[in-house]
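Participant: Just final_4.cif, nothing more (mmCIF, C-alpha atoms):
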```
data_my_file
#
loop_
_atom_site.group_PDB
_atom_site.id
_atom_site.type_symbol
_atom_site.label_atom_id
_atom_site.label_comp_id
_atom_site.auth_asym_id
_atom_site.auth_seq_id
_atom_site.Cartn_x
_atom_site.Cartn_y
_atom_site.Cartn_z
ATOM 1 C CA MET W 15 0.000 0.000 0.000
ATOM 2 C CA PRO W 16 1.453 3.368 -0.920
ATOM 3 C CA VAL W 17 2.421 5.732 1.866
ATOM 4 C CA LEU W 18 -0.190 8.350 0.960
ATOM 5 C CA ALA W 19 -3.017 5.806 0.970
ATOM 6 C CA ARG W 20 -1.780 4.352 4.228
ATOM 7 C CA PHE W 21 -1.643 7.865 5.765
ATOM 8 C CA PHE W 22 -5.186 8.510 4.580
ATOM 9 C CA VAL W 23 -6.591 5.238 5.912
ATOM 10 C CA LEU W 24 -4.766 5.207 9.252
ATOM 11 C CA THR W 25 -4.682 8.892 10.181
ATOM 12 C CA LEU W 26 -6.865 11.205 8.154
ATOM 13 C CA LEU W 27 -9.979 9.026 7.812
ATOM 14 C CA PRO W 28 -10.312 8.313 11.563
ATOM 15 C CA ALA W 29 -9.735 12.001 12.322
ATOM 16 C CA LEU W 30 -12.469 12.986 9.867
ATOM 17 C CA ILE W 31 -14.867 10.443 11.379
ATOM 18 C CA VAL W 32 -14.188 11.713 14.915
ATOM 19 C CA ALA W 33 -14.620 15.323 13.744
ATOM 20 C CA ALA W 34 -17.924 14.470 12.034
ATOM 21 C CA LEU W 35 -19.198 12.713 15.141
ATOM 22 C CA GLY W 36 -18.161 15.655 17.315
ATOM 23 C CA TYR W 37 -19.865 18.123 14.984
ATOM 24 C CA THR W 38 -23.059 16.048 14.965
ATOM 25 C CA THR W 39 -22.973 15.721 18.747
ATOM 26 C CA VAL W 40 -22.781 19.469 19.244
ATOM 27 C CA PHE W 41 -24.535 21.009 16.234
ATOM 28 C CA GLY W 42 -26.727 18.202 14.853
ATOM 29 C CA ALA W 43 -30.516 17.964 14.862
ATOM 30 C CA THR W 44 -30.407 16.146 18.203
ATOM 31 C CA GLY W 45 -27.170 17.752 19.355
ATOM 32 C CA TRP W 46 -26.234 19.571 22.510
ATOM 33 C CA LEU W 47 -27.150 23.066 21.253
ATOM 34 C CA HIS W 48 -30.562 21.897 20.053
ATOM 35 C CA ARG W 49 -31.135 20.251 23.419
ATOM 36 C CA GLN W 50 -30.239 23.464 25.253
ATOM 37 C CA ARG W 51 -32.691 25.461 23.140
ATOM 38 C CA ILE W 52 -35.478 22.917 23.714
ATOM 39 C CA ASP W 53 -34.800 22.933 27.477
ATOM 40 C CA ALA W 54 -35.022 26.741 27.560
ATOM 41 C CA GLU W 55 -38.315 26.643 25.642
ATOM 42 C CA LEU W 56 -39.663 24.034 28.064
ATOM 43 C CA ILE W 57 -38.768 26.189 31.072
ATOM 44 C CA ALA W 58 -40.450 29.214 29.478
ATOM 45 C CA ALA W 59 -43.560 27.181 28.630
ATOM 46 C CA ASN W 60 -43.790 25.834 32.189
ATOM 47 C CA HIS W 61 -43.453 29.357 33.589
ATOM 48 C CA HIS W 62 -46.218 30.586 31.281
ATOM 49 C CA ARG W 63 -48.418 27.629 32.258
ATOM 50 C CA GLU W 64 -47.943 28.469 35.953
ATOM 51 C CA GLU W 65 -48.997 32.067 35.268
ATOM 52 C CA VAL W 66 -52.079 30.882 33.383
ATOM 53 C CA ASP W 67 -52.930 28.432 36.188
ATOM 54 C CA ALA W 68 -52.703 31.270 38.723
ATOM 55 C CA ASP W 69 -54.996 33.430 36.566
ATOM 56 C CA VAL W 70 -57.491 30.584 36.235
ATOM 57 C CA ALA W 71 -57.498 30.050 40.007
ATOM 58 C CA ARG W 72 -58.007 33.786 40.633
ATOM 59 C CA LEU W 73 -60.858 33.966 38.131
ATOM 60 C CA GLN W 74 -62.423 30.841 39.628
ATOM 61 C CA ARG W 75 -62.357 32.450 43.088
ATOM 62 C CA GLU W 76 -63.913 35.636 41.711
ATOM 63 C CA THR W 77 -66.604 33.640 39.904
ATOM 64 C CA ASP W 78 -67.410 31.661 43.044
ATOM 65 C CA GLN W 79 -67.679 34.877 45.062
ATOM 66 C CA LEU W 80 -69.997 36.446 42.490
ATOM 67 C CA ARG W 81 -72.201 33.339 42.440
ATOM 68 C CA ASN W 82 -72.354 32.779 46.203
ATOM 69 C CA ASP W 83 -71.991 36.207 47.858
ATOM 70 C CA PRO W 84 -74.745 38.759 47.159
ATOM 71 C CA THR W 85 -72.669 41.587 48.627
ATOM 72 C CA THR W 86 -69.850 40.915 46.194
ATOM 73 C CA LEU W 87 -72.329 40.788 43.332
ATOM 74 C CA GLU W 88 -73.861 44.122 44.333
ATOM 75 C CA ARG W 89 -70.424 45.717 44.675
ATOM 76 C CA ALA W 90 -69.353 44.440 41.242
ATOM 77 C CA ALA W 91 -72.557 45.715 39.673
ATOM 78 C CA ALA W 92 -72.077 49.112 41.288
ATOM 79 C CA GLU W 93 -68.420 49.412 40.237
ATOM 80 C CA ASP W 94 -68.542 47.940 36.750
ATOM 81 C CA LEU W 95 -72.045 48.704 35.530
ATOM 82 C CA LEU W 96 -72.808 51.766 37.674
ATOM 83 C CA LEU W 97 -75.914 50.019 39.015
ATOM 84 C CA VAL W 98 -76.887 50.888 42.581
ATOM 85 C CA PRO W 99 -79.934 50.076 44.673
ATOM 86 C CA LYS W 100 -82.672 52.738 44.739
ATOM 87 C CA SER W 101 -82.115 53.430 48.422
ATOM 88 C CA SER W 102 -78.416 54.273 47.928
ATOM 89 C CA THR W 103 -76.821 57.669 47.593
ATOM 90 C CA VAL W 104 -74.285 58.071 44.813
ATOM 91 C CA TYR W 105 -71.301 60.358 45.278
ATOM 92 C CA ARG W 106 -69.261 61.294 42.215
ATOM 93 C CA PHE W 107 -65.837 62.866 42.495
ATOM 94 C CA ASP W 108 -63.987 64.623 39.704
ATOM 95 C CA ASP W 109 -60.428 63.514 39.198
ATOM 96 C CA ALA W 110 -57.581 66.009 39.701
ATOM 97 C CA GLU W 111 -56.826 66.311 35.974
ATOM 98 C CA SER W 112 -60.341 67.398 34.960
ATOM 99 C CA THR W 113 -60.554 70.055 37.706
ATOM 100 C CA ALA W 114 -57.131 71.479 36.834
ATOM 101 C CA ARG W 115 -58.219 72.371 33.287
#
```
As structure tokens, how would this structure be written, given the file I've shared?
Facilitator:
Amino acid sequence: MPVLARFFVLTLLPALIVAALGYTTVFGATGWLHRQRIDAELIAANHHREEVDADVARLQRETDQLRNDPTTLERAAAEDLLLVPKSSTVYRFDDAESTAR
């Protein structure tokens, strides 16, 4: 076997194979960098899910209070819809910006 062919088979070919495996391990479709990006996306998705779960729990509590507590329902109607019982007195205050003009 000529020296150049022997050099290629014994030295250069194994080095190329190791380099290709290393490149695939780090940069490939299932490589280390891809794995890091997927892990970061998973952490972000879990954080967002926890925020949504907290919002759902808060809204569930508010819904339960509106369904079961007449006082809460009356207060919500007065604040949001400006509905008050006939026997109530309504006080309206101007904000500081409208009186300054």
Participant: To one decimal place in Å, what is the distance between CA of Phe107 (chain W) and CA of Gln79 (chain W)?
Facilitator: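 Computed distance, CA of Phe107 (chain W) to CA of Gln79 (chain W), equals 28.2 Å.
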Participant: In Å, with one decimal, what is the gap from CA of Ala68 (chain W) to CA of Ala91 (chain W)?
Facilitator: 24.6 Å
Participant: Find, counting only C-alpha atoms, the residue in W:Val98, W:Ile52, W:Leu18, W:Leu47 that gets nearest to Thr85 (chain W).
Facilitator: W:Val98
